[in-house]
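**Student:** Below is the structure I would like to discuss, written out as structure tokens.
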Amino acid sequence: MALDEMALGGGERPAGELAPNDLEAFWMPFTSNRAFKKRPRIVASAKDMHYYTPDGRAVLDGCSGLWCTNPGHNREPIVAAIQKAAGELDFGPTFQFGHPGAFRLASRIAALAPGDLDHVFFCNSGSEAVDTALKIALAYHNATGNSSRTRLIGRERGYHGVGFGGISVGGMVANRRTFGTMLTGVDHLPTTYDRKNQAFTKGEPEYGAHFADELERLVGLHDASTIAAVIVEPMAGSTGVIPAPQGYLKRLREICDKYGILLIFDEVITGYGRLGYAFAAERYGVQPDLITFAKGITAGAVPMGGVIARKHVHDAFMKGPEHMVELFHGYTYSAHPLACAAGLATLDLYRDEDLFARAKALEPYWADAVMSLKDKPGVLDIRTVGITGAIDLPAREGLPGQRGYEAIERAFHEEGVMIRTAGDTMVMTPPLIISNEQVDELIGKVGRVIEKVM
Ligand code: PLP
């Protein structure tokens with residue numbers, strides 16, 4: 001079995017080498033298990049910009065793990081904070097009790113978020129953050145005497161995780177079609193992607209603000225009194241880097257304000273520096289009512305997600321007798337002590353190394369580098385915004401996604417770089433500490449991969 005390929009050199013088993021059964025038993029998420037297990041791509045350790053395979057081969061990380069490790073891998077202050085926390089408080093309940101890290105981290109996140117986004121609800125992943133935000137939106141309208149507002153509006157080509165709320169408002173057919181009935185009362189705005197009018201744009205396309213006007217049509221169809229919230233990613237990441245067109249998010253905000261609809265930004269990817277700001281809301285000068293976050297808050301080192309709520313949303317719940325629970329929602333591991341310690345250390349690192357500003361300063365160099373691949377064979381479109389880049393390749397006839405799969409395989413095994421794919425779109429989102437030389441290395445290698453798979 002493919003393990004022979006991993007056990008280089010025989011003799012001493014390298015750290016991270018697996019027994020055959022181990023490879024079999026793990027049912028991998030969002031992975032073509034059979035193809036993977038024939039030729040596994042395994043990483044055993046990581047530092048800064050690199051992963052290392054069990055046999056010690058360095059792999060340049062072109063996707064921050066899974067859009068998580070924004071400050072790079074295994075940074076000392078984060079590792080030390082987790083180690084210290086593990087020896088102090090293994091678990092601290094946050095139902096009816098509390099621990100200092102939870103309150104400290106919430107304060108820091110609230111201080112970082114724009115405007116009066118000033119209360120933080122913790123959970124453990126982006127999917128949980130999305131379902132939490134949708135529930136807060138529904139309960140908010142209930143608390144303010146508008147219980148008829150139950151409809152939720154997402155967007156085509158949106159990704160909001162894998163809970164039933166998230167796949168219902170999400171707009172990815174493969175994530176929905178085999179799972180039966182979705183939430184009822186959900187509509188979708190159209191995607192903002194239009195290759196004909198936007199191809200090879202760096203940053204936000206000029207064309208496409210009018211896609212927000214579809215919200216007016218949905219209000220006309222259902223009546224504003226039935227609509228609770230709109231949820232969008234400021235940049236759709238998982239469906240292949242689709243930045244909001246210029247003016248689009250402002251227009252969504254205006255329409256939501258006009259009709260009393262809550263606006264939720266899903267910033268699970270865009271939060272914590274990916275677009276050169278703490279949150280994309282700041283980049284676009286638009287204040288949503290709720291922000292979801294995950295990933296970059298702990299640099300991926302400990303699972304954590306959360307929702308930041310504006311003051312008026314939070315305060316709407318703070319009524320009734322004081323001994324009453326205000327929101328019947330929460331997770332055993334909400335604000336886990338290890339996650340809080342990792343989060344605080346990660347925020348310190350972003351501050352101390354000014355990493356959001358670094359990402360902003362790097363964006364033009366990065367965008368030029370990614371765009372330099374436009375003349376490679378077959379490339380249909382390239383999109384970049386912040387430190388993200390996506391390259392659309394044509395699908396092989398009858399085998400959609402197969403070329404993309406081959407691209408990540410070749411990148412990993414032959415070029416020593418980790419990239420991701422969404423179908424036949426190659427996606428790159430390296431840590432924000434990437435140097436100009438490493439940008440050149442990554443892009444050079446991806447260029448070779450394109451030549452090979454085309
Ligand atoms: N929302 C967005 C925008 C995401 O990109 C993701 C994951 O990539 C999620 C939600 C789900 O996060 P998780 O995988 O942590 O549940």
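For the structure tokens, the naming scheme is as follows: chains receive sequential letters (A, B, ...) according to their order of presentation, residues are indexed from 1 within each chain, and ligands are indexed from 1 in presentation order.
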Could you give me the residues within 6 Å of ligand 1, counting only C-alpha atoms and all ligand atoms, as a list of chain:residue names?

**Tutor:**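 My answer, listing the contacting residues, is A:Ser125, A:Gly126, A:Ser127, A:Tyr159, A:His160, A:Gly161, A:Glu233, A:Gly237, A:Ser238, A:Asp266, A:Glu267, A:Val268, A:Ile269.
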
**Student:** Env of region 147-149 of chain A: 6 Å cut, atoms = only C-alpha atoms, seq-sep filter 5 positions within chain, self excluded. Answer as a count of residues only.

**Tutor:** 6

**Student:** Let's see if you can do this: from backbone DSSP, list all alpha helix (DSSP H) residues in region 16-196 of chain A, as a PyMOL selection string.

**Tutor:** chain A and resi 20-25+33-38+64-67+76-88+100-112+126-143+164-169+195-196

**Student:** List the spatial neighbours of region 178-181 of chain A as a ChimeraX atom specification - criterion: any atom at most 10 Å away, only C-alpha atoms, same-chain residues fewer than 6 positions off excluded.

**Tutor:** /A:164,167-168

**Student:** Would you return as a PyMOL selection string the members of region 233-436 of chain A that DSSP assigns to strand (DSSP E or B) on this structure's backbone?

**Tutor:** chain A and resi 235-236+242-243+262-266+290-293+305-310+381-384+389-392+396+399+417-418+420-422+425-428

**Student:** Point out the residue among A:Arg151, A:Arg108, A:Arg195, A:Arg39 with the least atom-to-atom distance to Leu344 (chain A), counting only C-alpha atoms.

**Tutor:**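 Comparing A:Arg151, A:Arg108, A:Arg195, A:Arg39 against Leu344 (chain A), the winner is A:Arg108.
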
**Student:** So, counting only C-alpha atoms, which residue among A:Ala309, A:Ile231, A:Ala281, A:Ile450 is closest to Lys250 (chain A)?

**Tutor:**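 Closest to Lys250 (chain A), using only C-alpha atoms: A:Ala281.
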
**Student:** One decimal, in Å: what's the spacing between CA of Met418 (chain A) and CA of Ser64 (chain A)?

**Tutor:**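 Interatomic distance here is 8.9 Å.
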
**Student:** Residues near Arg383 (chain A), anyone? I mean within 12 Å using only C-alpha atoms, not counting same-chain ones fewer than 5 positions away, as a PyMOL selection string.

**Tutor:** chain A and resi 193-195+198-205+235-237+239-245+366-374+388-392+425-429

**Student:** Kindly export the residues of the current selection with C-alpha atoms, as a PDB file, in the first residue's frame.

**Tutor:**
ATOM      1  CA  TYR A 193     -19.389  36.673 -10.028  1.00  0.00           C
ATOM      2  CA  ASP A 194     -19.724  37.461 -13.711  1.00  0.00           C
ATOM      3  CA  ARG A 195     -16.634  36.381 -15.617  1.00  0.00           C
ATOM      4  CA  GLN A 198     -14.958  40.927 -14.231  1.00  0.00           C
ATOM      5  CA  ALA A 199     -12.232  38.653 -15.629  1.00  0.00           C
ATOM      6  CA  PHE A 200      -8.655  39.219 -14.397  1.00  0.00           C
ATOM      7  CA  THR A 201      -9.587  41.893 -11.861  1.00  0.00           C
ATOM      8  CA  LYS A 202      -7.281  42.655  -8.956  1.00  0.00           C
ATOM      9  CA  GLY A 203      -9.274  43.439  -5.830  1.00  0.00           C
ATOM     10  CA  GLU A 204     -12.919  44.466  -6.004  1.00  0.00           C
ATOM     11  CA  PRO A 205     -14.428  44.438  -9.512  1.00  0.00           C
ATOM     12  CA  MET A 235     -15.325  37.701  -0.120  1.00  0.00           C
ATOM     13  CA  ALA A 236     -16.623  34.259  -0.995  1.00  0.00           C
ATOM     14  CA  GLY A 237     -13.552  32.162  -0.266  1.00  0.00           C
ATOM     15  CA  THR A 239     -16.092  28.817  -3.836  1.00  0.00           C
ATOM     16  CA  GLY A 240     -12.944  30.278  -5.355  1.00  0.00           C
ATOM     17  CA  VAL A 241     -12.181  33.814  -4.142  1.00  0.00           C
ATOM     18  CA  ILE A 242     -15.043  36.025  -5.290  1.00  0.00           C
ATOM     19  CA  PRO A 243     -14.481  39.523  -3.886  1.00  0.00           C
ATOM     20  CA  ALA A 244     -17.487  41.778  -3.354  1.00  0.00           C
ATOM     21  CA  PRO A 245     -17.834  44.207  -6.267  1.00  0.00           C
ATOM     22  CA  TRP A 366       1.057  39.560  -4.261  1.00  0.00           C
ATOM     23  CA  ALA A 367      -1.646  40.575  -6.744  1.00  0.00           C
ATOM     24  CA  ASP A 368       0.919  41.280  -9.496  1.00  0.00           C
ATOM     25  CA  ALA A 369       2.611  37.948  -8.844  1.00  0.00           C
ATOM     26  CA  VAL A 370      -0.625  35.944  -9.021  1.00  0.00           C
ATOM     27  CA  MET A 371      -1.792  37.869 -12.072  1.00  0.00           C
ATOM     28  CA  SER A 372       1.512  37.122 -13.837  1.00  0.00           C
ATOM     29  CA  LEU A 373       0.125  33.610 -14.385  1.00  0.00           C
ATOM     30  CA  LYS A 374      -2.587  34.892 -16.700  1.00  0.00           C
ATOM     31  CA  THR A 388      -5.762  35.472  -1.602  1.00  0.00           C
ATOM     32  CA  GLY A 389      -5.611  34.313  -5.178  1.00  0.00           C
ATOM     33  CA  ALA A 390      -7.616  31.983  -7.390  1.00  0.00           C
ATOM     34  CA  ILE A 391      -6.904  30.656 -10.859  1.00  0.00           C
ATOM     35  CA  ASP A 392      -9.683  29.077 -12.925  1.00  0.00           C
ATOM     36  CA  THR A 425     -10.037  26.518  -9.451  1.00  0.00           C
ATOM     37  CA  MET A 426      -6.616  26.619  -7.781  1.00  0.00           C
ATOM     38  CA  VAL A 427      -6.718  28.656  -4.593  1.00  0.00           C
ATOM     39  CA  MET A 428      -3.800  30.244  -2.712  1.00  0.00           C
ATOM     40  CA  THR A 429      -3.977  31.955   0.683  1.00  0.00           C
TER      41      THR A 429
END

**Student:** Using only C-alpha atoms, can you tell me which of A:Asn175, A:Asn197, A:Ser45, A:Thr192 comes closest to Phe30 (chain A)?

**Tutor:**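 Comparing A:Asn175, A:Asn197, A:Ser45, A:Thr192 against Phe30 (chain A), the winner is A:Asn175.
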
**Student:** Which of these, A:Tyr259, A:Ala106, A:Ala301, A:Gly330, has the shortest distance to Ala133 (chain A) once you count only C-alpha atoms?

**Tutor:**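 Comparing A:Tyr259, A:Ala106, A:Ala301, A:Gly330 against Ala133 (chain A), the winner is A:Gly330.
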
**Student:** At what distance in Å, to one decimal, does CA of Val313 (chain A) lie from CA of Asp131 (chain A)?

**Tutor:**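 Rounded to one decimal, the two atoms are 16.1 Å apart.
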
**Student:** With distances taken over only C-alpha atoms, which residue among A:Leu189, A:Val302, A:Met28, A:Ala224 lies nearest Ile78 (chain A)?

**Tutor:**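 The shortest atom-to-atom distance to Ile78 (chain A) comes from A:Val302.
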
**Student:** May I have the residues within 8 Å of region 271-278 of chain A as a VMD selection string, using only C-alpha atoms and disregarding those fewer than 2 positions away in the same chain?

**Tutor:** chain A and resid 70 112 to 113 267 to 269 280 282 to 283 293 to 294 296 to 297 355 to 361 363 385 to 388 432

**Student:** Once you have the residues from the selection above, write them out as a PDB file, in the first residue's frame, restricted to C-alpha atoms.

**Tutor:**
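Output (part.pdb):
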ATOM      1  CA  ASN A  70      -2.442  33.700   9.306  1.00  0.00           C
ATOM      2  CA  LEU A 112     -10.697  45.176  17.501  1.00  0.00           C
ATOM      3  CA  ALA A 113     -14.094  45.048  15.784  1.00  0.00           C
ATOM      4  CA  GLU A 267     -15.826  36.631   8.271  1.00  0.00           C
ATOM      5  CA  VAL A 268     -14.588  33.141   9.088  1.00  0.00           C
ATOM      6  CA  ILE A 269     -12.022  33.568   6.306  1.00  0.00           C
ATOM      7  CA  ALA A 280     -13.320  42.973   6.012  1.00  0.00           C
ATOM      8  CA  GLU A 282     -13.376  47.772   7.961  1.00  0.00           C
ATOM      9  CA  ARG A 283     -11.936  47.441   4.464  1.00  0.00           C
ATOM     10  CA  PHE A 293     -15.289  34.516  12.954  1.00  0.00           C
ATOM     11  CA  ALA A 294     -13.116  31.395  13.506  1.00  0.00           C
ATOM     12  CA  GLY A 296      -7.463  33.166  12.334  1.00  0.00           C
ATOM     13  CA  ILE A 297      -8.548  33.974  15.902  1.00  0.00           C
ATOM     14  CA  LEU A 355       0.502  41.710  10.543  1.00  0.00           C
ATOM     15  CA  PHE A 356      -2.720  43.220   9.191  1.00  0.00           C
ATOM     16  CA  ALA A 357      -0.780  46.240   7.923  1.00  0.00           C
ATOM     17  CA  ARG A 358       1.853  43.880   6.565  1.00  0.00           C
ATOM     18  CA  ALA A 359      -0.800  42.039   4.563  1.00  0.00           C
ATOM     19  CA  LYS A 360      -2.116  45.343   3.255  1.00  0.00           C
ATOM     20  CA  ALA A 361       1.348  46.463   2.202  1.00  0.00           C
ATOM     21  CA  GLU A 363      -1.212  43.065  -1.442  1.00  0.00           C
ATOM     22  CA  VAL A 385      -7.965  40.372  -3.072  1.00  0.00           C
ATOM     23  CA  GLY A 386      -5.943  40.797   0.105  1.00  0.00           C
ATOM     24  CA  ILE A 387      -3.577  37.841   0.379  1.00  0.00           C
ATOM     25  CA  THR A 388      -5.762  35.472  -1.602  1.00  0.00           C
ATOM     26  CA  LEU A 432       0.598  36.822   6.084  1.00  0.00           C
TER      27      LEU A 432
END

**Student:** Of the candidates A:Tyr333, A:Tyr405, A:Phe412, A:Tyr52, which one gets nearest to Ala35 (chain A) if we count only C-alpha atoms?

**Tutor:**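 For Ala35 (chain A), the nearest of the candidates is A:Tyr405.
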
**Student:** Quick one: residues within 10 Å of Lys445 (chain A), only C-alpha atoms, excluding same-chain residues fewer than 3 positions away - as an MDAnalysis selection string?

**Tutor:** chainID A and resid 410:411 414:417 439:442 448:451

**Student:** Can you work out the spacing between CA of Leu252 (chain A) and CA of Ala212 (chain A) in Å, to one decimal?

**Tutor:**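 Straight-line distance from CA of Leu252 (chain A) to CA of Ala212 (chain A) works out to 5.5 Å.
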